[in-house]
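Let me begin by presenting the structure, written as C-alpha cells, before commenting on it.
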Amino acid sequence: MIFTVAIDGPAAAGKGTISRAVAEAFGFAHLDTGALYRAVGVKGGDPVQAAQGLTPEDLARDDLRTLEAGQAASRVAVIPEVRAALLAFQRRFARRPGGAVLDGRDIGTVICPEAEVKLFVTASADVRARRRWLELGGAAASRSLADVLAEVQERDARDMGRADAPLRAAEGAQVIDTSALSSAEAIAEAVALVRQTLGR
C-alpha cells in the first residue's frame, strides 16, 4: 500500500510529536525532514556539498535538536540547490510501500502535493516559544523566554518569507491548532483524520 501523510507547520507547534504518533498508530515509516536540513546546517562547509553527501550517520548526530541546529537549518533551507539535493530522497521515502509520514515545512506544498492526507499543525508564537523555552530548561535555560520568542518569530519570518517553498498550509490541508490542546488531544485529532481517509 502506498499512503502518504504530509504534516507541515512552524517550529515547536507539535508536528514532530504528532507525526511520530501517527506513524506508530498505523505502522507507517516516519521521516522528520527537518532533520535533513539540520544535519546539513550543522555539518558546516559548503551547504550544497553537505546536502549532496548526506549520510545516515549525519542524521544520527545527537546535536540535531538544539536551537542552534534549528537556526542553521533555517539558513540552509533558503538555498534552492540544497532543497533540490534533498527533494528526491524525500519523495522516494514518501511513496515507499507500507505507508509513510513526513513532517516538515513544505511536504504538502512541494514534496508530496499528491499525499493522501495533508495536515498543517500550528500554534501561536507565544505558545511555541514557551514550549521551546521549557524544552531548553525553563527558568534554568541559558536563554530568556523573550529571547526564545524573538528567535521563533525570526525563524517564522524567514521560513514564511523565503522565495523557494515558503511555509504555508497546502491546498486541502486540515489545520490542527495545538495552542490549547494537550499532546494527547492533538494526536487523537490527527489519528482520527488519517483513519477517516484510510476508511474511504
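Chain identifiers are assigned as A, B, and so on, following the order in which chains appear in the C-alpha cells; residues are numbered from 1 within each chain, and ligands are numbered from 1 in order of appearance.
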Could you list, with a cut-off of 9 Å and counting only C-alpha atoms, the residues of stretch 37-141 of chain A near stretch 161-167 of chain A, each shown with its nearest atom pair and the distance in Å rounded to one decimal, rows sorted by chain and ascending number, as JSON lines?
```
{"residue": "A:Ala77", "atom": "CA", "partner": "A:Asp164", "partner_atom": "CA", "distance": 8.8}
{"residue": "A:Val78", "atom": "CA", "partner": "A:Arg162", "partner_atom": "CA", "distance": 6.1}
{"residue": "A:Ile79", "atom": "CA", "partner": "A:Asp164", "partner_atom": "CA", "distance": 8.0}
{"residue": "A:Pro80", "atom": "CA", "partner": "A:Asp164", "partner_atom": "CA", "distance": 6.5}
{"residue": "A:Arg83", "atom": "CA", "partner": "A:Asp164", "partner_atom": "CA", "distance": 8.5}
{"residue": "A:Arg105", "atom": "CA", "partner": "A:Leu167", "partner_atom": "CA", "distance": 5.3}
{"residue": "A:Asp106", "atom": "CA", "partner": "A:Ala165", "partner_atom": "CA", "distance": 6.0}
{"residue": "A:Thr109", "atom": "CA", "partner": "A:Ala165", "partner_atom": "CA", "distance": 7.5}
{"residue": "A:Val110", "atom": "CA", "partner": "A:Ala165", "partner_atom": "CA", "distance": 6.7}
```
Problem set entry | Polymer residues at most 9 Å from stretch 53-55 of chain A, only C-alpha atoms, same-chain spacing of 3 or more positions, as a list in words |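 The neighbour list is Leu36, Ala39, Val40, Val48, Gln49, Ala50, Asp58, Leu59 and Leu86 of chain A.
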Residues just named, written with all heavy atoms as a PDB file, in the first residue's frame:
```pdb
ATOM      1  N   LEU A  36      16.965  16.501   8.076  1.00  0.00           N
ATOM      2  CA  LEU A  36      17.842  16.559   6.905  1.00  0.00           C
ATOM      3  C   LEU A  36      18.503  17.930   6.832  1.00  0.00           C
ATOM      4  O   LEU A  36      19.714  18.049   6.621  1.00  0.00           O
ATOM      5  CB  LEU A  36      17.055  16.298   5.611  1.00  0.00           C
ATOM      6  CG  LEU A  36      16.276  14.985   5.501  1.00  0.00           C
ATOM      7  CD1 LEU A  36      15.491  14.947   4.198  1.00  0.00           C
ATOM      8  CD2 LEU A  36      17.202  13.789   5.594  1.00  0.00           C
ATOM      9  N   ALA A  39      20.895  18.520   9.737  1.00  0.00           N
ATOM     10  CA  ALA A  39      22.162  17.807   9.520  1.00  0.00           C
ATOM     11  C   ALA A  39      23.050  18.573   8.543  1.00  0.00           C
ATOM     12  O   ALA A  39      24.254  18.700   8.753  1.00  0.00           O
ATOM     13  CB  ALA A  39      21.893  16.395   9.008  1.00  0.00           C
ATOM     14  N   VAL A  40      22.445  19.107   7.476  1.00  0.00           N
ATOM     15  CA  VAL A  40      23.212  19.908   6.513  1.00  0.00           C
ATOM     16  C   VAL A  40      23.754  21.161   7.204  1.00  0.00           C
ATOM     17  O   VAL A  40      24.928  21.529   7.028  1.00  0.00           O
ATOM     18  CB  VAL A  40      22.337  20.300   5.303  1.00  0.00           C
ATOM     19  CG1 VAL A  40      23.041  21.327   4.416  1.00  0.00           C
ATOM     20  CG2 VAL A  40      21.979  19.065   4.481  1.00  0.00           C
ATOM     21  N   VAL A  48      25.629  23.029  -0.068  1.00  0.00           N
ATOM     22  CA  VAL A  48      25.173  22.230  -1.226  1.00  0.00           C
ATOM     23  C   VAL A  48      25.916  20.898  -1.244  1.00  0.00           C
ATOM     24  O   VAL A  48      25.306  19.835  -1.410  1.00  0.00           O
ATOM     25  CB  VAL A  48      25.368  23.006  -2.546  1.00  0.00           C
ATOM     26  CG1 VAL A  48      24.955  22.146  -3.732  1.00  0.00           C
ATOM     27  CG2 VAL A  48      24.569  24.302  -2.530  1.00  0.00           C
ATOM     28  N   GLN A  49      27.229  20.931  -1.034  1.00  0.00           N
ATOM     29  CA  GLN A  49      28.009  19.685  -0.979  1.00  0.00           C
ATOM     30  C   GLN A  49      27.572  18.830   0.205  1.00  0.00           C
ATOM     31  O   GLN A  49      27.493  17.600   0.103  1.00  0.00           O
ATOM     32  CB  GLN A  49      29.501  19.997  -0.876  1.00  0.00           C
ATOM     33  CG  GLN A  49      30.105  20.501  -2.179  1.00  0.00           C
ATOM     34  CD  GLN A  49      31.599  20.762  -2.081  1.00  0.00           C
ATOM     35  OE1 GLN A  49      32.173  20.722  -0.984  1.00  0.00           O
ATOM     36  NE2 GLN A  49      32.219  21.040  -3.209  1.00  0.00           N
ATOM     37  N   ALA A  50      27.276  19.490   1.334  1.00  0.00           N
ATOM     38  CA  ALA A  50      26.822  18.760   2.526  1.00  0.00           C
ATOM     39  C   ALA A  50      25.509  18.035   2.234  1.00  0.00           C
ATOM     40  O   ALA A  50      25.325  16.880   2.630  1.00  0.00           O
ATOM     41  CB  ALA A  50      26.661  19.718   3.697  1.00  0.00           C
ATOM     42  N   ASP A  58      25.091  11.247   9.527  1.00  0.00           N
ATOM     43  CA  ASP A  58      24.784  12.671   9.722  1.00  0.00           C
ATOM     44  C   ASP A  58      23.432  12.840  10.402  1.00  0.00           C
ATOM     45  O   ASP A  58      23.232  13.752  11.201  1.00  0.00           O
ATOM     46  CB  ASP A  58      24.768  13.409   8.372  1.00  0.00           C
ATOM     47  CG  ASP A  58      26.139  13.453   7.715  1.00  0.00           C
ATOM     48  OD1 ASP A  58      27.151  13.559   8.441  1.00  0.00           O
ATOM     49  OD2 ASP A  58      26.195  13.383   6.480  1.00  0.00           O
ATOM     50  N   LEU A  59      22.483  11.960  10.062  1.00  0.00           N
ATOM     51  CA  LEU A  59      21.127  12.058  10.620  1.00  0.00           C
ATOM     52  C   LEU A  59      21.044  11.491  12.041  1.00  0.00           C
ATOM     53  O   LEU A  59      20.036  11.657  12.718  1.00  0.00           O
ATOM     54  CB  LEU A  59      20.134  11.321   9.718  1.00  0.00           C
ATOM     55  CG  LEU A  59      19.960  11.907   8.321  1.00  0.00           C
ATOM     56  CD1 LEU A  59      19.062  11.028   7.473  1.00  0.00           C
ATOM     57  CD2 LEU A  59      19.409  13.321   8.386  1.00  0.00           C
ATOM     58  N   LEU A  86      17.898  17.472  -1.645  1.00  0.00           N
ATOM     59  CA  LEU A  86      17.172  16.659  -0.665  1.00  0.00           C
ATOM     60  C   LEU A  86      15.780  16.225  -1.147  1.00  0.00           C
ATOM     61  O   LEU A  86      15.150  15.357  -0.549  1.00  0.00           O
ATOM     62  CB  LEU A  86      17.042  17.435   0.652  1.00  0.00           C
ATOM     63  CG  LEU A  86      18.381  17.800   1.328  1.00  0.00           C
ATOM     64  CD1 LEU A  86      18.128  18.638   2.565  1.00  0.00           C
ATOM     65  CD2 LEU A  86      19.184  16.554   1.677  1.00  0.00           C
TER      66      LEU A  86
END
```
Exercise. Taking the backbone alone, and naming residues the way the document does, which bits of chain A are alpha helix (DSSP H) by DSSP, as a VMD selection string?
Worked result: chain A and resid 15 to 26 33 to 43 47 to 52 56 to 59 67 to 76 80 to 94 125 to 135 145 to 161 183 to 198
Quick one: write out the picked residues with C-alpha atoms as a compact mmCIF listing (two decimals), in the first residue's frame?
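Now in again-v2.txt:
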```txt
# COMPACT_ATOMS: atom_id res chain seq x y z
CA LYS A 15 4.22 18.34 14.33
CA GLY A 16 7.13 16.04 15.27
CA THR A 17 5.25 14.55 18.23
CA ILE A 18 2.10 14.13 16.14
CA SER A 19 4.00 12.65 13.18
CA ARG A 20 5.77 10.02 15.26
CA ALA A 21 2.48 9.06 16.97
CA VAL A 22 0.59 8.81 13.66
CA ALA A 23 3.35 6.65 12.16
CA GLU A 24 3.27 4.38 15.21
CA ALA A 25 -0.54 4.16 15.24
CA PHE A 26 -0.69 2.92 11.64
CA THR A 33 12.56 16.13 7.05
CA GLY A 34 13.72 18.97 9.27
CA ALA A 35 16.48 16.62 10.47
CA LEU A 36 17.84 16.56 6.90
CA TYR A 37 18.21 20.35 6.92
CA ARG A 38 19.51 20.38 10.49
CA ALA A 39 22.16 17.81 9.52
CA VAL A 40 23.21 19.91 6.51
CA GLY A 41 23.31 23.04 8.68
CA VAL A 42 25.45 21.55 11.45
CA LYS A 43 27.87 19.83 9.03
CA PRO A 47 25.83 23.51 2.31
CA VAL A 48 25.17 22.23 -1.23
CA GLN A 49 28.01 19.68 -0.98
CA ALA A 50 26.82 18.76 2.53
CA ALA A 51 23.29 18.10 1.19
CA GLN A 52 24.54 16.06 -1.75
CA PRO A 56 22.75 8.09 7.75
CA GLU A 57 25.48 8.96 10.30
CA ASP A 58 24.78 12.67 9.72
CA LEU A 59 21.13 12.06 10.62
CA LEU A 67 18.23 25.65 18.93
CA GLU A 68 21.46 26.35 17.05
CA ALA A 69 20.82 23.42 14.69
CA GLY A 70 17.30 24.73 14.07
CA GLN A 71 18.63 28.17 13.15
CA ALA A 72 21.30 26.59 10.92
CA ALA A 73 18.60 24.51 9.21
CA SER A 74 16.51 27.58 8.51
CA ARG A 75 19.53 29.35 6.97
CA VAL A 76 20.47 26.49 4.60
CA PRO A 80 17.49 26.27 -3.77
CA GLU A 81 20.37 23.86 -4.56
CA VAL A 82 20.17 22.40 -1.04
CA ARG A 83 16.41 21.88 -1.38
CA ALA A 84 16.87 20.25 -4.80
CA ALA A 85 19.52 17.85 -3.43
CA LEU A 86 17.17 16.66 -0.67
CA LEU A 87 13.98 16.58 -2.76
CA ALA A 88 14.44 13.20 -4.47
CA PHE A 89 15.32 11.47 -1.19
CA GLN A 90 12.14 12.74 0.47
CA ARG A 91 9.90 11.83 -2.48
CA ARG A 92 11.24 8.28 -2.62
CA PHE A 93 10.65 7.90 1.11
CA ALA A 94 7.10 9.28 0.82
CA ALA A 125 4.17 32.17 18.51
CA ASP A 126 3.87 32.78 22.28
CA VAL A 127 2.81 29.18 22.95
CA ARG A 128 5.51 27.77 20.70
CA ALA A 129 8.22 29.93 22.27
CA ARG A 130 7.16 28.84 25.76
CA ARG A 131 7.28 25.16 24.73
CA ARG A 132 10.76 25.58 23.25
CA TRP A 133 11.93 27.53 26.34
CA LEU A 134 10.66 24.75 28.64
CA GLU A 135 12.48 22.16 26.45
CA LEU A 145 11.69 33.38 27.26
CA ALA A 146 11.81 36.75 25.46
CA ASP A 147 14.96 35.69 23.57
CA VAL A 148 13.40 32.37 22.54
CA LEU A 149 10.24 34.19 21.37
CA ALA A 150 12.38 36.54 19.27
CA GLU A 151 14.18 33.54 17.72
CA VAL A 152 10.86 31.78 16.97
CA GLN A 153 9.47 34.93 15.31
CA GLU A 154 12.70 35.43 13.33
CA ARG A 155 12.59 31.84 12.11
CA ASP A 156 8.89 32.13 11.19
CA ALA A 157 9.63 35.25 9.13
CA ARG A 158 12.50 33.52 7.33
CA ASP A 159 10.55 30.28 6.69
CA MET A 160 7.37 32.04 5.54
CA GLY A 161 9.19 34.70 3.52
CA SER A 183 -0.29 16.33 23.13
CA ALA A 184 -2.81 13.52 23.55
CA GLU A 185 -5.67 15.66 22.17
CA ALA A 186 -3.63 16.82 19.17
CA ILE A 187 -2.52 13.26 18.40
CA ALA A 188 -6.09 11.96 18.69
CA GLU A 189 -7.31 14.59 16.23
CA ALA A 190 -4.58 13.75 13.71
CA VAL A 191 -5.10 9.97 14.04
CA ALA A 192 -8.85 10.42 13.53
CA LEU A 193 -8.27 12.41 10.33
CA VAL A 194 -5.91 9.76 8.92
CA ARG A 195 -8.27 6.93 9.91
CA GLN A 196 -11.16 8.72 8.21
CA THR A 197 -9.23 8.86 4.91
CA LEU A 198 -8.00 5.26 5.21
```
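Considering only C-alpha atoms, the residue among A:Asp63, A:Asp32, A:Asp177, A:Asp103 positioned nearest to A:Val121 is A:Asp177.
Across stretch 13-83 of chain A, DSSP run on the backbone finds strand (DSSP E) at Ala29, His30, Leu31 and Asp32 of chain A.
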Which residues are near A:His30? Cut-off 6 Å, only C-alpha atoms, ignore same chain within fewer than 6 positions. Put them as a PDB file with all heavy atoms, in the first residue's frame.
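Listing of part-v8.pdb after writing:
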```
ATOM      1  N   ALA A  23       2.598   7.742  12.790  1.00  0.00           N
ATOM      2  CA  ALA A  23       3.355   6.649  12.164  1.00  0.00           C
ATOM      3  C   ALA A  23       3.233   5.377  13.001  1.00  0.00           C
ATOM      4  O   ALA A  23       3.005   4.283  12.472  1.00  0.00           O
ATOM      5  CB  ALA A  23       4.819   7.057  12.008  1.00  0.00           C
ATOM      6  N   ALA A 100       3.853   6.077   4.706  1.00  0.00           N
ATOM      7  CA  ALA A 100       4.898   6.953   5.242  1.00  0.00           C
ATOM      8  C   ALA A 100       4.294   8.238   5.780  1.00  0.00           C
ATOM      9  O   ALA A 100       3.308   8.753   5.240  1.00  0.00           O
ATOM     10  CB  ALA A 100       5.923   7.280   4.150  1.00  0.00           C
ATOM     11  N   VAL A 101       4.903   8.728   6.848  1.00  0.00           N
ATOM     12  CA  VAL A 101       4.548  10.025   7.417  1.00  0.00           C
ATOM     13  C   VAL A 101       5.791  10.903   7.312  1.00  0.00           C
ATOM     14  O   VAL A 101       6.868  10.509   7.762  1.00  0.00           O
ATOM     15  CB  VAL A 101       4.142   9.909   8.908  1.00  0.00           C
ATOM     16  CG1 VAL A 101       3.784  11.281   9.478  1.00  0.00           C
ATOM     17  CG2 VAL A 101       2.984   8.940   9.083  1.00  0.00           C
ATOM     18  N   LEU A 102       5.645  12.077   6.703  1.00  0.00           N
ATOM     19  CA  LEU A 102       6.749  13.027   6.617  1.00  0.00           C
ATOM     20  C   LEU A 102       6.327  14.320   7.278  1.00  0.00           C
ATOM     21  O   LEU A 102       5.206  14.800   7.052  1.00  0.00           O
ATOM     22  CB  LEU A 102       7.126  13.324   5.160  1.00  0.00           C
ATOM     23  CG  LEU A 102       7.842  12.215   4.377  1.00  0.00           C
ATOM     24  CD1 LEU A 102       6.839  11.190   3.859  1.00  0.00           C
ATOM     25  CD2 LEU A 102       8.611  12.809   3.205  1.00  0.00           C
TER      26      LEU A 102
END
```
Exercise. Quick one: residues within 9 Å of A:Pro113, only C-alpha atoms counted, chain neighbours fewer than 4 positions away excluded, as a list in words?
Worked result: Ala6, Ile107, Gly108, Thr109, Lys118, Ala170 and Glu171 of chain A
Exercise. What gap, in Å, lies between atom CA of A:Asp8 and atom CA of A:Thr122?
Worked result: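 Value for the atom CA of A:Asp8-atom CA of A:Thr122 distance: 8.4 Å.
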For this session: One decimal, Å: what's the distance from atom CA of A:Phe28 over to atom CA of A:Leu119, could you say?
Result: 15.8 Å
For this session: Please indicate the distance in Å from atom CA of A:Ala141 to atom CA of A:Thr66, rounded to one decimal place.
Result: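 Distance between the two atoms: 12.5 Å.
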Exercise. Restricting the calculation to only C-alpha atoms, which member of A:Ala123, A:Val175, A:Ala180, A:Ala139 is positioned closest to A:Gly14?
Worked result: A:Ala123
Problem set entry | Neighbour list for stretch 95-99 of chain A as a ChimeraX atom specification, cut-off 7 Å, only C-alpha atoms, skip fewer than 6 positions in-chain | /A:1-4,28-29
